[in-house]
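This is upload.txt. It holds compact mmCIF, C-alpha atoms and all ligand atoms.
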```
# COMPACT_ATOMS: atom_id res chain seq x y z
CA MET Z 1 16.40 18.46 8.87
CA LYS Z 2 14.50 15.21 8.20
CA GLN Z 3 16.74 12.20 7.51
CA LEU Z 4 14.90 9.94 5.09
CA VAL Z 5 15.13 6.25 4.21
CA VAL Z 6 13.02 5.02 1.28
CA LEU Z 7 12.19 1.29 1.30
CA GLY Z 8 11.03 0.34 -2.19
CA ALA Z 9 12.70 3.40 -3.73
CA THR Z 10 12.51 2.16 -7.35
CA GLY Z 11 8.71 1.67 -7.24
CA THR Z 12 5.93 4.12 -8.03
CA VAL Z 13 5.54 5.35 -4.46
CA GLY Z 14 9.30 5.32 -3.87
CA ARG Z 15 10.03 7.49 -6.90
CA ASN Z 16 7.20 9.89 -6.02
CA THR Z 17 8.66 10.18 -2.51
CA LEU Z 18 12.05 11.11 -3.93
CA ASP Z 19 10.39 13.63 -6.26
CA VAL Z 20 8.83 15.37 -3.23
CA ALA Z 21 12.05 15.15 -1.18
CA ALA Z 22 14.06 16.69 -4.03
CA ARG Z 23 11.79 19.76 -3.90
CA HIS Z 24 12.94 20.39 -0.32
CA PRO Z 25 16.72 19.98 -0.14
CA GLN Z 26 16.90 22.37 2.84
CA ARG Z 27 14.48 20.15 4.77
CA VAL Z 28 15.17 16.54 3.74
CA THR Z 29 18.37 14.52 3.36
CA VAL Z 30 18.06 11.17 1.56
CA LEU Z 31 20.08 8.74 3.68
CA ALA Z 32 19.27 5.31 2.24
CA LEU Z 33 17.37 3.68 -0.63
CA THR Z 34 16.32 0.04 -1.06
CA ALA Z 35 14.99 -2.10 -3.93
CA ASN Z 36 14.77 -5.72 -4.99
CA ARG Z 37 16.45 -6.23 -8.41
CA ASP Z 38 16.08 -3.09 -10.52
CA VAL Z 39 19.73 -2.03 -10.71
CA ASP Z 40 19.28 0.49 -13.55
CA THR Z 41 16.66 2.53 -11.71
CA MET Z 42 18.53 2.30 -8.42
CA PHE Z 43 21.77 3.43 -10.05
CA GLY Z 44 19.98 6.46 -11.53
CA LEU Z 45 18.41 7.32 -8.15
CA CYS Z 46 21.83 7.08 -6.45
CA GLN Z 47 23.31 9.46 -9.01
CA VAL Z 48 20.58 12.04 -8.32
CA HIS Z 49 20.07 11.66 -4.56
CA ARG Z 50 23.55 10.55 -3.39
CA PRO Z 51 22.39 8.37 -0.46
CA ALA Z 52 24.98 7.07 2.02
CA LEU Z 53 23.48 3.55 1.69
CA ALA Z 54 21.76 1.55 -1.08
CA VAL Z 55 20.36 -1.93 -0.47
CA MET Z 56 19.33 -4.54 -3.04
CA ARG Z 57 17.33 -7.51 -1.72
CA ASP Z 58 18.84 -9.64 -4.48
CA ALA Z 59 22.51 -10.42 -3.86
CA GLY Z 60 23.50 -10.48 -7.56
CA ALA Z 61 21.82 -7.11 -8.10
CA ALA Z 62 23.73 -5.69 -5.11
CA LEU Z 63 27.05 -6.82 -6.63
CA THR Z 64 26.24 -5.21 -9.99
CA LEU Z 65 25.09 -1.99 -8.34
CA GLY Z 66 28.25 -1.82 -6.23
CA GLN Z 67 30.45 -2.19 -9.33
CA ARG Z 68 28.56 0.49 -11.25
CA LEU Z 69 28.64 2.94 -8.34
CA ARG Z 70 32.39 2.44 -7.82
CA MET Z 71 33.09 2.90 -11.55
CA SER Z 72 31.19 6.19 -11.52
CA GLY Z 73 33.01 7.40 -8.40
CA LEU Z 74 29.97 7.46 -6.10
CA ALA Z 75 30.66 6.76 -2.41
CA THR Z 76 27.30 5.06 -1.66
CA GLU Z 77 27.76 1.90 0.42
CA VAL Z 78 25.88 -1.14 -0.93
CA LEU Z 79 24.32 -3.88 1.20
CA ALA Z 80 22.30 -6.95 0.18
CA GLY Z 81 19.51 -9.21 1.34
CA ALA Z 82 17.18 -9.20 4.33
CA ASP Z 83 19.95 -8.02 6.66
CA GLY Z 84 20.65 -5.07 4.40
CA LEU Z 85 16.96 -4.12 4.36
CA HIS Z 86 16.88 -4.35 8.14
CA SER Z 87 19.96 -2.10 8.46
CA ALA Z 88 18.38 0.53 6.21
CA ALA Z 89 15.02 0.38 8.01
CA CYS Z 90 16.51 1.13 11.42
CA LEU Z 91 19.52 3.26 10.45
CA PRO Z 92 20.37 5.12 13.70
CA THR Z 93 20.58 8.55 12.02
CA ALA Z 94 17.25 8.19 10.17
CA THR Z 95 14.23 10.13 11.44
CA HIS Z 96 11.72 9.18 8.70
CA VAL Z 97 11.24 5.85 6.90
CA MET Z 98 8.99 5.51 3.85
CA SER Z 99 7.63 1.95 3.74
CA ALA Z 100 6.93 1.40 0.03
CA ILE Z 101 7.97 -2.18 -0.69
CA VAL Z 102 5.13 -4.11 -2.34
CA GLY Z 103 3.49 -7.03 -0.54
CA ALA Z 104 4.35 -9.09 2.52
CA ALA Z 105 8.07 -8.65 1.73
CA GLY Z 106 7.76 -5.29 3.48
CA LEU Z 107 6.64 -6.72 6.83
CA LEU Z 108 10.02 -7.22 8.52
CA PRO Z 109 11.62 -3.92 7.37
CA THR Z 110 8.47 -1.98 8.30
CA LEU Z 111 8.39 -3.60 11.72
CA ALA Z 112 12.12 -2.83 12.16
CA ALA Z 113 11.49 0.86 11.45
CA VAL Z 114 8.55 0.88 13.87
CA ASP Z 115 10.57 -0.91 16.57
CA ALA Z 116 13.32 1.70 16.10
CA GLY Z 117 10.81 4.47 16.91
CA LYS Z 118 11.00 6.28 13.56
CA HIS Z 119 8.34 8.34 11.86
CA VAL Z 120 7.09 5.54 9.58
CA LEU Z 121 5.24 6.62 6.45
CA ILE Z 122 3.26 3.50 5.51
CA ALA Z 123 2.26 3.00 1.88
CA ASN Z 124 2.94 -0.77 2.01
CA LYS Z 125 -0.54 -1.84 3.15
CA GLU Z 126 -0.01 -5.62 3.14
CA PRO Z 127 1.98 -5.69 6.45
CA LEU Z 128 -0.84 -3.76 8.14
CA VAL Z 129 -3.33 -6.30 6.76
CA MET Z 130 -1.32 -9.35 7.84
CA ALA Z 131 -0.08 -8.06 11.19
CA GLY Z 132 -1.81 -4.73 11.97
CA PRO Z 133 -2.18 -5.35 15.73
CA LEU Z 134 1.51 -6.40 16.00
CA ILE Z 135 2.66 -3.26 14.18
CA MET Z 136 0.43 -0.89 16.13
CA ALA Z 137 1.47 -2.48 19.45
CA ALA Z 138 5.14 -2.11 18.44
CA ALA Z 139 4.53 1.58 17.65
CA ALA Z 140 2.90 2.12 21.04
CA ARG Z 141 5.96 0.54 22.71
CA SER Z 142 8.65 2.35 20.73
CA GLY Z 143 6.94 5.72 20.29
CA ALA Z 144 7.08 5.42 16.48
CA VAL Z 145 4.74 7.82 14.68
CA ILE Z 146 2.69 6.05 12.00
CA LEU Z 147 1.71 8.31 9.09
CA PRO Z 148 -0.60 6.77 6.44
CA ILE Z 149 0.33 7.24 2.79
CA ASP Z 150 -2.44 5.28 1.09
CA SER Z 151 -4.48 8.19 -0.30
CA GLU Z 152 -7.70 7.10 1.46
CA HIS Z 153 -6.09 6.65 4.87
CA ASN Z 154 -4.07 9.81 4.50
CA ALA Z 155 -7.32 11.64 3.62
CA ILE Z 156 -8.94 10.26 6.78
CA PHE Z 157 -5.93 11.26 8.87
CA GLN Z 158 -6.21 14.79 7.47
CA CYS Z 159 -9.93 14.90 8.38
CA LEU Z 160 -9.36 13.79 12.00
CA PRO Z 161 -8.75 16.38 14.74
CA ALA Z 162 -5.25 17.94 14.92
CA GLY Z 163 -3.22 15.99 17.45
CA TYR Z 164 -4.80 12.64 16.54
CA ARG Z 165 -2.29 9.74 16.40
CA CYS Z 166 -2.86 6.49 14.52
CA GLY Z 167 -3.64 3.59 16.84
CA ALA Z 168 -6.01 5.60 19.06
CA VAL Z 169 -9.81 5.43 18.69
CA PRO Z 170 -10.76 8.79 17.13
CA GLN Z 171 -13.18 10.79 19.29
CA GLY Z 172 -16.66 11.67 17.99
CA VAL Z 173 -16.33 9.56 14.86
CA ALA Z 174 -19.38 7.60 13.72
CA GLY Z 175 -17.62 5.93 10.79
CA LEU Z 176 -15.17 6.18 7.93
CA VAL Z 177 -16.13 6.15 4.25
CA LEU Z 178 -13.43 4.92 1.86
CA THR Z 179 -13.85 6.03 -1.72
CA ALA Z 180 -12.95 3.69 -4.58
CA SER Z 181 -12.48 4.57 -8.23
CA GLY Z 182 -14.00 1.21 -9.20
CA GLY Z 183 -10.87 0.38 -11.21
CA PRO Z 184 -10.51 -0.17 -14.96
CA PHE Z 185 -13.37 -2.75 -15.10
CA ARG Z 186 -15.99 -0.79 -13.17
CA ASP Z 187 -18.60 -1.08 -15.95
CA TRP Z 188 -17.61 -4.49 -17.33
CA THR Z 189 -20.13 -7.33 -17.59
CA PRO Z 190 -19.48 -10.72 -15.88
CA ALA Z 191 -18.56 -12.20 -19.30
CA GLN Z 192 -16.06 -9.42 -19.97
CA LEU Z 193 -14.57 -9.82 -16.49
CA ALA Z 194 -14.10 -13.56 -17.01
CA ALA Z 195 -11.98 -12.79 -20.10
CA ALA Z 196 -10.07 -9.81 -18.61
CA THR Z 197 -6.31 -9.86 -19.27
CA PRO Z 198 -3.45 -8.72 -17.02
CA GLU Z 199 -2.52 -6.11 -19.64
CA ALA Z 200 -5.98 -4.51 -19.33
CA ALA Z 201 -6.01 -4.84 -15.53
CA VAL Z 202 -2.83 -2.84 -15.01
CA LYS Z 203 -4.17 0.17 -16.96
CA HIS Z 204 -5.83 2.14 -14.15
CA PRO Z 205 -8.04 5.02 -15.34
CA ASN Z 206 -6.96 7.57 -12.67
CA TRP Z 207 -3.76 6.47 -10.89
CA VAL Z 208 -0.28 5.40 -12.05
CA MET Z 209 0.67 2.43 -9.84
CA GLY Z 210 2.75 -0.76 -9.70
CA PRO Z 211 1.32 -3.98 -11.23
CA LYS Z 212 0.21 -5.68 -7.99
CA ILE Z 213 -1.87 -2.82 -6.62
CA SER Z 214 -3.26 -2.18 -10.13
CA VAL Z 215 -4.64 -5.75 -10.27
CA ASP Z 216 -5.93 -5.35 -6.69
CA SER Z 217 -7.71 -2.22 -7.84
CA ALA Z 218 -9.27 -4.06 -10.80
CA THR Z 219 -10.65 -6.84 -8.54
CA MET Z 220 -11.50 -4.29 -5.80
CA MET Z 221 -9.39 -6.36 -3.39
CA ASN Z 222 -7.41 -3.15 -2.98
CA LYS Z 223 -10.44 -1.61 -1.29
CA GLY Z 224 -10.88 -4.75 0.80
CA LEU Z 225 -7.25 -4.56 1.96
CA GLU Z 226 -7.84 -0.88 2.71
CA LEU Z 227 -10.85 -1.69 4.92
CA ILE Z 228 -8.58 -3.92 7.00
CA GLU Z 229 -5.82 -1.30 6.93
CA ALA Z 230 -8.31 1.33 8.18
CA ALA Z 231 -9.44 -0.94 11.02
CA ALA Z 232 -5.79 -1.34 12.11
CA LEU Z 233 -4.82 2.33 11.80
CA TYR Z 234 -7.97 3.83 13.33
CA ASP Z 235 -8.97 1.02 15.72
CA LEU Z 236 -12.55 0.85 14.42
CA PRO Z 237 -14.72 -2.26 13.85
CA ALA Z 238 -15.87 -3.40 10.40
CA ASP Z 239 -19.43 -2.09 10.85
CA ARG Z 240 -18.12 1.48 11.08
CA LEU Z 241 -16.19 1.27 7.81
CA SER Z 242 -17.88 1.58 4.43
CA VAL Z 243 -16.93 1.86 0.77
CA VAL Z 244 -18.46 4.02 -1.93
CA ILE Z 245 -17.54 4.04 -5.63
CA HIS Z 246 -16.46 7.48 -6.82
CA PRO Z 247 -15.12 7.23 -10.38
CA GLU Z 248 -13.55 10.72 -10.50
CA SER Z 249 -11.09 9.98 -7.60
CA ALA Z 250 -11.39 13.59 -6.42
CA VAL Z 251 -12.70 12.87 -2.91
CA HIS Z 252 -10.12 10.57 -1.34
CA SER Z 253 -12.24 9.51 1.66
CA LEU Z 254 -14.52 10.91 4.36
CA VAL Z 255 -14.89 10.91 8.13
CA SER Z 256 -18.49 10.86 9.43
CA TYR Z 257 -18.88 12.46 12.86
CA VAL Z 258 -21.64 11.65 15.38
CA ASP Z 259 -23.23 15.09 14.86
CA GLY Z 260 -23.95 14.32 11.20
CA SER Z 261 -20.97 16.27 9.80
CA GLN Z 262 -18.90 14.58 7.14
CA LEU Z 263 -15.40 15.87 6.44
CA ALA Z 264 -13.70 14.93 3.17
CA GLN Z 265 -10.25 15.55 1.67
CA LEU Z 266 -10.12 16.39 -2.03
CA GLY Z 267 -7.18 16.60 -4.40
CA SER Z 268 -5.77 15.48 -7.73
CA PRO Z 269 -5.12 11.72 -7.94
CA ASP Z 270 -1.36 12.07 -7.47
CA MET Z 271 0.49 10.22 -4.71
CA ARG Z 272 2.79 13.20 -4.16
CA VAL Z 273 -0.06 14.89 -2.24
CA PRO Z 274 -0.32 12.32 0.61
CA ILE Z 275 3.47 11.81 0.50
CA ALA Z 276 4.14 15.54 0.94
CA HIS Z 277 1.54 15.70 3.70
CA ALA Z 278 3.15 12.89 5.68
CA LEU Z 279 6.74 13.99 5.03
CA ALA Z 280 6.00 17.55 6.12
CA TRP Z 281 3.66 16.62 8.99
CA PRO Z 282 2.75 18.52 11.11
CA GLU Z 283 3.70 21.28 8.65
CA ARG Z 284 2.57 21.66 5.01
CA TRP Z 285 5.03 21.68 2.12
CA ALA Z 286 4.61 22.05 -1.64
CA SER Z 287 4.18 18.71 -3.41
CA GLY Z 288 4.44 19.87 -7.02
CA VAL Z 289 0.74 19.04 -7.56
CA ALA Z 290 -1.76 21.73 -8.58
CA PRO Z 291 -5.07 21.88 -6.68
CA LEU Z 292 -8.15 20.36 -8.31
CA ASP Z 293 -9.91 22.55 -10.85
CA LEU Z 294 -13.46 22.08 -9.57
CA VAL Z 295 -15.08 23.82 -12.54
CA ALA Z 296 -13.16 21.60 -14.98
CA LEU Z 297 -14.17 18.59 -12.88
CA GLY Z 298 -17.80 19.71 -13.14
CA ARG Z 299 -19.55 16.77 -11.53
CA MET Z 300 -18.81 14.03 -9.05
CA HIS Z 301 -20.58 10.68 -8.88
CA PHE Z 302 -21.06 8.17 -6.07
CA GLU Z 303 -22.51 4.64 -6.24
CA ALA Z 304 -22.57 1.41 -4.22
CA PRO Z 305 -20.07 -1.35 -5.08
CA ASP Z 306 -21.42 -4.44 -6.88
CA PRO Z 307 -20.62 -7.56 -4.79
CA GLN Z 308 -21.58 -9.95 -7.61
CA ARG Z 309 -19.00 -8.72 -10.09
CA PHE Z 310 -16.38 -7.81 -7.45
CA PRO Z 311 -16.57 -10.53 -4.77
CA CYS Z 312 -13.10 -9.71 -3.36
CA LEU Z 313 -14.49 -6.77 -1.40
CA ASP Z 314 -16.91 -9.01 0.50
CA LEU Z 315 -14.20 -11.64 1.04
CA ALA Z 316 -12.05 -8.97 2.69
CA ARG Z 317 -14.91 -7.67 4.82
CA ALA Z 318 -15.68 -11.24 5.94
CA ALA Z 319 -12.01 -11.75 6.87
CA LEU Z 320 -12.01 -8.52 8.86
CA GLN Z 321 -15.18 -9.58 10.68
CA ALA Z 322 -13.81 -13.08 11.33
CA GLY Z 323 -10.80 -11.46 13.03
CA GLY Z 324 -7.75 -13.36 14.26
CA GLN Z 325 -5.44 -14.11 11.36
CA ALA Z 326 -8.14 -14.34 8.68
CA PRO Z 327 -6.85 -11.08 7.10
CA LEU Z 328 -3.37 -12.63 6.91
CA VAL Z 329 -4.82 -15.67 5.10
CA LEU Z 330 -6.67 -13.35 2.72
CA ASN Z 331 -3.54 -11.33 2.00
CA ALA Z 332 -1.21 -14.29 1.38
CA ALA Z 333 -3.77 -16.00 -0.87
CA ASN Z 334 -4.33 -12.76 -2.76
CA GLU Z 335 -0.61 -12.17 -3.37
CA VAL Z 336 -0.24 -15.66 -4.87
CA ALA Z 337 -3.44 -15.26 -6.91
CA VAL Z 338 -2.43 -11.86 -8.30
CA GLN Z 339 1.01 -13.15 -9.33
CA ALA Z 340 -0.59 -16.20 -11.02
CA PHE Z 341 -2.98 -13.90 -12.90
CA LEU Z 342 -0.15 -11.56 -13.94
CA ASP Z 343 1.78 -14.66 -15.14
CA HIS Z 344 -1.24 -15.77 -17.26
CA GLN Z 345 -1.63 -18.95 -15.17
CA MET Z 346 -5.32 -18.34 -14.46
CA GLY Z 347 -8.21 -16.02 -15.23
CA PHE Z 348 -9.41 -12.83 -13.59
CA MET Z 349 -12.40 -14.44 -11.83
CA ASP Z 350 -10.20 -17.30 -10.58
CA MET Z 351 -8.56 -14.90 -8.13
CA PRO Z 352 -11.54 -14.71 -5.72
CA ARG Z 353 -11.97 -18.51 -6.06
CA VAL Z 354 -8.41 -19.17 -4.90
CA ILE Z 355 -8.75 -16.69 -2.02
CA GLU Z 356 -12.08 -18.14 -0.86
CA HIS Z 357 -10.59 -21.64 -1.01
CA CYS Z 358 -7.68 -20.55 1.23
CA LEU Z 359 -10.01 -18.87 3.74
CA GLU Z 360 -11.96 -22.14 3.98
CA ALA Z 361 -8.80 -24.26 4.19
CA HIS Z 362 -7.35 -22.12 7.04
CA PRO Z 363 -10.38 -21.37 9.27
CA ALA Z 364 -9.87 -19.06 12.28
CA PRO Z 365 -6.10 -19.61 12.54
CA CYS Z 366 -4.38 -18.11 15.53
CA ALA Z 367 -0.89 -16.63 15.14
CA ASN Z 368 -0.04 -14.21 17.93
CA ASP Z 369 3.66 -13.58 17.42
CA LEU Z 370 5.88 -12.79 14.47
CA ASP Z 371 7.21 -16.34 14.00
CA ALA Z 372 3.67 -17.74 13.93
CA VAL Z 373 2.61 -15.01 11.47
CA LEU Z 374 5.46 -15.89 9.11
CA ALA Z 375 4.76 -19.64 9.40
CA LEU Z 376 1.06 -19.17 8.65
CA ASP Z 377 1.86 -16.84 5.73
CA ALA Z 378 4.10 -19.57 4.22
CA ALA Z 379 1.47 -22.30 4.78
CA VAL Z 380 -1.29 -20.26 3.11
CA ARG Z 381 0.94 -19.52 0.11
CA GLN Z 382 1.44 -23.26 -0.33
CA THR Z 383 -2.33 -23.85 -0.22
CA ALA Z 384 -2.87 -21.02 -2.70
CA ARG Z 385 -0.21 -22.27 -5.15
CA ALA Z 386 -1.81 -25.72 -5.13
CA ALA Z 387 -5.22 -24.12 -5.74
CA VAL Z 388 -3.88 -22.11 -8.71
CA GLY Z 389 -3.04 -25.40 -10.38
CA ARG Z 390 -6.62 -26.60 -9.88
CA THR Z 391 -8.45 -23.46 -11.05
CA PRO Z 392 -9.96 -25.11 -14.16
CA GLU Z 393 -11.85 -27.63 -11.99
CA MET Z 394 -12.66 -24.93 -9.33
CA SER Z 395 -14.38 -22.75 -11.94
CA ALA Z 396 -16.18 -25.67 -13.61
P1 LIG R 401 5.93 -1.07 -7.24
O1 LIG R 401 5.74 -2.45 -7.75
O2 LIG R 401 5.93 0.08 -8.18
O3 LIG R 401 7.33 -1.00 -6.41
C1 LIG R 401 7.64 -1.97 -5.44
C2 LIG R 401 8.96 -1.66 -4.76
O4 LIG R 401 9.27 -2.74 -3.85
C3 LIG R 401 10.15 -1.62 -5.74
O5 LIG R 401 11.12 -0.74 -5.24
C4 LIG R 401 10.67 -3.08 -5.70
O6 LIG R 401 12.03 -3.20 -6.10
C5 LIG R 401 10.52 -3.36 -4.21
N1 LIG R 401 10.39 -4.79 -3.94
C6 LIG R 401 9.62 -5.71 -4.60
N2 LIG R 401 9.75 -6.94 -4.06
C7 LIG R 401 10.65 -6.80 -3.06
C8 LIG R 401 11.24 -7.72 -2.14
N3 LIG R 401 10.93 -9.03 -2.13
N4 LIG R 401 12.13 -7.23 -1.23
C9 LIG R 401 12.46 -5.93 -1.21
N5 LIG R 401 11.94 -5.00 -2.05
C10 LIG R 401 11.05 -5.44 -2.96
O7 LIG R 401 4.84 -0.85 -6.09
P2 LIG R 401 4.04 0.49 -5.72
O8 LIG R 401 4.99 1.62 -5.52
O9 LIG R 401 2.89 0.66 -6.62
O10 LIG R 401 3.41 0.06 -4.32
C11 LIG R 401 4.21 -0.09 -3.16
C12 LIG R 401 3.28 -0.31 -1.96
O11 LIG R 401 2.51 0.87 -1.75
C13 LIG R 401 2.28 -1.45 -2.16
O12 LIG R 401 2.08 -2.11 -0.94
C14 LIG R 401 1.00 -0.73 -2.59
O13 LIG R 401 -0.16 -1.43 -2.21
C15 LIG R 401 1.12 0.57 -1.81
N6 LIG R 401 0.45 1.70 -2.42
C16 LIG R 401 0.77 2.08 -3.70
C17 LIG R 401 0.13 3.17 -4.29
C18 LIG R 401 0.49 3.64 -5.67
O14 LIG R 401 -0.07 4.64 -6.11
N7 LIG R 401 1.38 2.99 -6.37
C19 LIG R 401 -0.95 3.89 -3.59
C20 LIG R 401 -1.15 3.42 -2.24
C21 LIG R 401 -0.50 2.36 -1.70
P3 LIG R 401 12.38 -3.52 -7.67
O15 LIG R 401 11.99 -2.29 -8.44
O16 LIG R 401 13.84 -3.77 -7.65
O17 LIG R 401 11.55 -4.73 -8.04
```

Would you mind giving the structure from this file in structure tokens?
Amino acid sequence: MKQLVVLGATGTVGRNTLDVAARHPQRVTVLALTANRDVDTMFGLCQVHRPALAVMRDAGAALTLGQRLRMSGLATEVLAGADGLHSAACLPTATHVMSAIVGAAGLLPTLAAVDAGKHVLIANKEPLVMAGPLIMAAAARSGAVILPIDSEHNAIFQCLPAGYRCGAVPQGVAGLVLTASGGPFRDWTPAQLAAATPEAAVKHPNWVMGPKISVDSATMMNKGLELIEAAALYDLPADRLSVVIHPESAVHSLVSYVDGSQLAQLGSPDMRVPIAHALAWPERWASGVAPLDLVALGRMHFEAPDPQRFPCLDLARAALQAGGQAPLVLNAANEVAVQAFLDHQMGFMDMPRVIEHCLEAHPAPCANDLDAVLALDAAVRQTARAAVGRTPEMSA
């Protein structure tokens, strides 16, 4: 029996994880769920899944949830804040932890689950971008098994030899090819991009996702973060990682072997497929998703990304090549920029400007331990917030 904790349970990935788990009650027990503020969704999830523990990051939300659970006679214990998240992430009885908080907020809980030696299913890519080497070193120490959930990285994992473990250099691999849908603005002109709204950016053509990753997908920063994530998970340098646009989102990524073979994983664009794969691993369980209908799909297209219209991809590649903590700078600046865009504080093309400014303002920083990582993350966010206020002059 797998004993599951879901960090970020109320989000898109969290709810899909619980959908898969609920299909296998003989195999999975839901032990603990966490969220930030969304009491209504958390209350509903507690009613269905009856976890022993529910954690709200926000203290007021935790109080409200506790009252509602008591009034409805549910025995779920409620904890609050960073300590509560930590308790859930390394619950002694848990075997599997889904890391599905959005953004850098997931770093400490993810690291706690890794330190505790769990099977850690990582959807939350930002911690891997900001502190990939720290997380992979912690996994090597504790024996934690890292299972990628991001559809591209899960596809790659599925195309690597049986027995492969994340963190090791895969044998016989020439390179990895990440596919990208191109996002909702794939065909937009520079003028259209400059006027793009948050409402349009969050409407992804193929995937249903939370607002932050949807904006990342529209700027193609998502693919840039995924390049860095792939380098951390598969211990490969930037020059062996490439990106190809594939609008149908049927091929989720490819592994190129030295003999010229390329192995790809295909499937419907539904996160329950990689979630079921990682939850069942090394077995296979039903996910509730039908296989692709290849005849209905008919054709598949592939094209190179356009660096002029989508500069975030090159910014991410440059940060990966620069090494050190440049990816952390990129990630912190991006999180601030995306939030400012979602809040209508600046335009779509201001996002790469703010990120580039932060990369220049924090050149080759060195932060080798967790405290230094957190301090640098805070400093970059300050730089980025100041830059958001100056975007009119930056774009002039
Ligand atoms: P959502 O925005 O849908 O959900 C985010 C979850 O994190 C919610 O449960 C939210 O709680 C919680 N949360 C937000 N802020 C905090 C905080 N400060 N402390 C604790 N919990 C917090 O995100 P997604 O599910 O779309 O994405 C989650 C992660 O998975 C991201 O890193 C994303 O890049 C990655 N990912 C997502 C995919 C997708 O298809 N959605 C695909 C591949 C990767 P609340 O609801 O209370 O705000």

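Across the structure, CA of Gln26 in chain Z and CA of Ala290 in chain Z are spaced 21.9 Å apart.
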
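Proximity ranking of Z:Gln67, Z:Ser214, Z:Gln382, Z:Ser268 relative to ligand LIG 401 (chain R) places Z:Ser214 first, based on all atoms listed in the file.
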
Near Leu370 in chain Z, counting all atoms listed in the file, which residues have an atom at most 10 Å away, once you skip same-chain residues fewer than 6 positions from it, shown as a ChimeraX atom specification?
-> /Z:107-108,111,131,134,376

Next, dump the selected residues to file, keeping only C-alpha atoms, as a PDB file, in the coordinates of the input.
```
ATOM      1  CA  LEU Z 107       6.640  -6.720   6.830  1.00  0.00           C
ATOM      2  CA  LEU Z 108      10.020  -7.220   8.520  1.00  0.00           C
ATOM      3  CA  LEU Z 111       8.390  -3.600  11.720  1.00  0.00           C
ATOM      4  CA  ALA Z 131      -0.080  -8.060  11.190  1.00  0.00           C
ATOM      5  CA  LEU Z 134       1.510  -6.400  16.000  1.00  0.00           C
ATOM      6  CA  LEU Z 376       1.060 -19.170   8.650  1.00  0.00           C
TER       7      LEU Z 376
END
```

Can you pull out every residue within 8 Å of range 299-309 of chain Z, counting only C-alpha atoms, but drop anything in the same chain fewer than 2 positions away, and send it as a count of residues only?
-> 16

Please identify the residues whose atoms come within 7 Å of ligand LIG 401 (chain R), using all atoms listed in the file, and report them as an NGL selection string.
-> :Z and (7-14 or 34-39 or 57 or 100-103 or 105-106 or 123-126 or 149-151 or 207-213 or 271)

Which one of Z:Val78, Z:Ala326, Z:Val5, Z:Val202 sits closest to Lys118 in chain Z if you count only C-alpha atoms?
->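 For Lys118 in chain Z, the nearest of the given residues is Z:Val5.
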
Measuring atom to atom with only C-alpha atoms, identify which of Z:Thr383, Z:Met220, Z:Gly172, Z:Arg317 is nearest to Arg186 in chain Z.
->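 Under the stated criterion, the closest residue is Z:Met220.
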
List every protein, DNA or RNA residue that has at least one atom no more than 12 Å from (-4.4, -9.5, -19.7) in the file's coordinates, counting all atoms listed in the file, and write the result as a count of residues only.
-> 25

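Nearest-residue note for Ile122 in chain Z: choosing from Z:Leu279, Z:Ala364, Z:Leu74, Z:Ala238, the minimum distance belongs to Z:Leu279, counting all atoms listed in the file.
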
Just give me the residues with any atom within 9 Å of (-17.9, 4.6, 13.1), file coordinates, counting all atoms listed in the file, written as an NGL selection string.
-> :Z and (172-176 or 236-241 or 255-258)

Long-range neighbours of Ile355 in chain Z as JSON, numbers by chain, 8 Å cut-off, all atoms listed in the file, 5 positions minimum in chain | {"Z": [330, 333, 334, 337, 384]}

Residue subset to file, keeping C-alpha atoms, as a PDB file, in the frame of the given file:
```pdb
ATOM      1  CA  LEU Z 330      -6.670 -13.350   2.720  1.00  0.00           C
ATOM      2  CA  ALA Z 333      -3.770 -16.000  -0.870  1.00  0.00           C
ATOM      3  CA  ASN Z 334      -4.330 -12.760  -2.760  1.00  0.00           C
ATOM      4  CA  ALA Z 337      -3.440 -15.260  -6.910  1.00  0.00           C
ATOM      5  CA  ALA Z 384      -2.870 -21.020  -2.700  1.00  0.00           C
TER       6      ALA Z 384
END
```
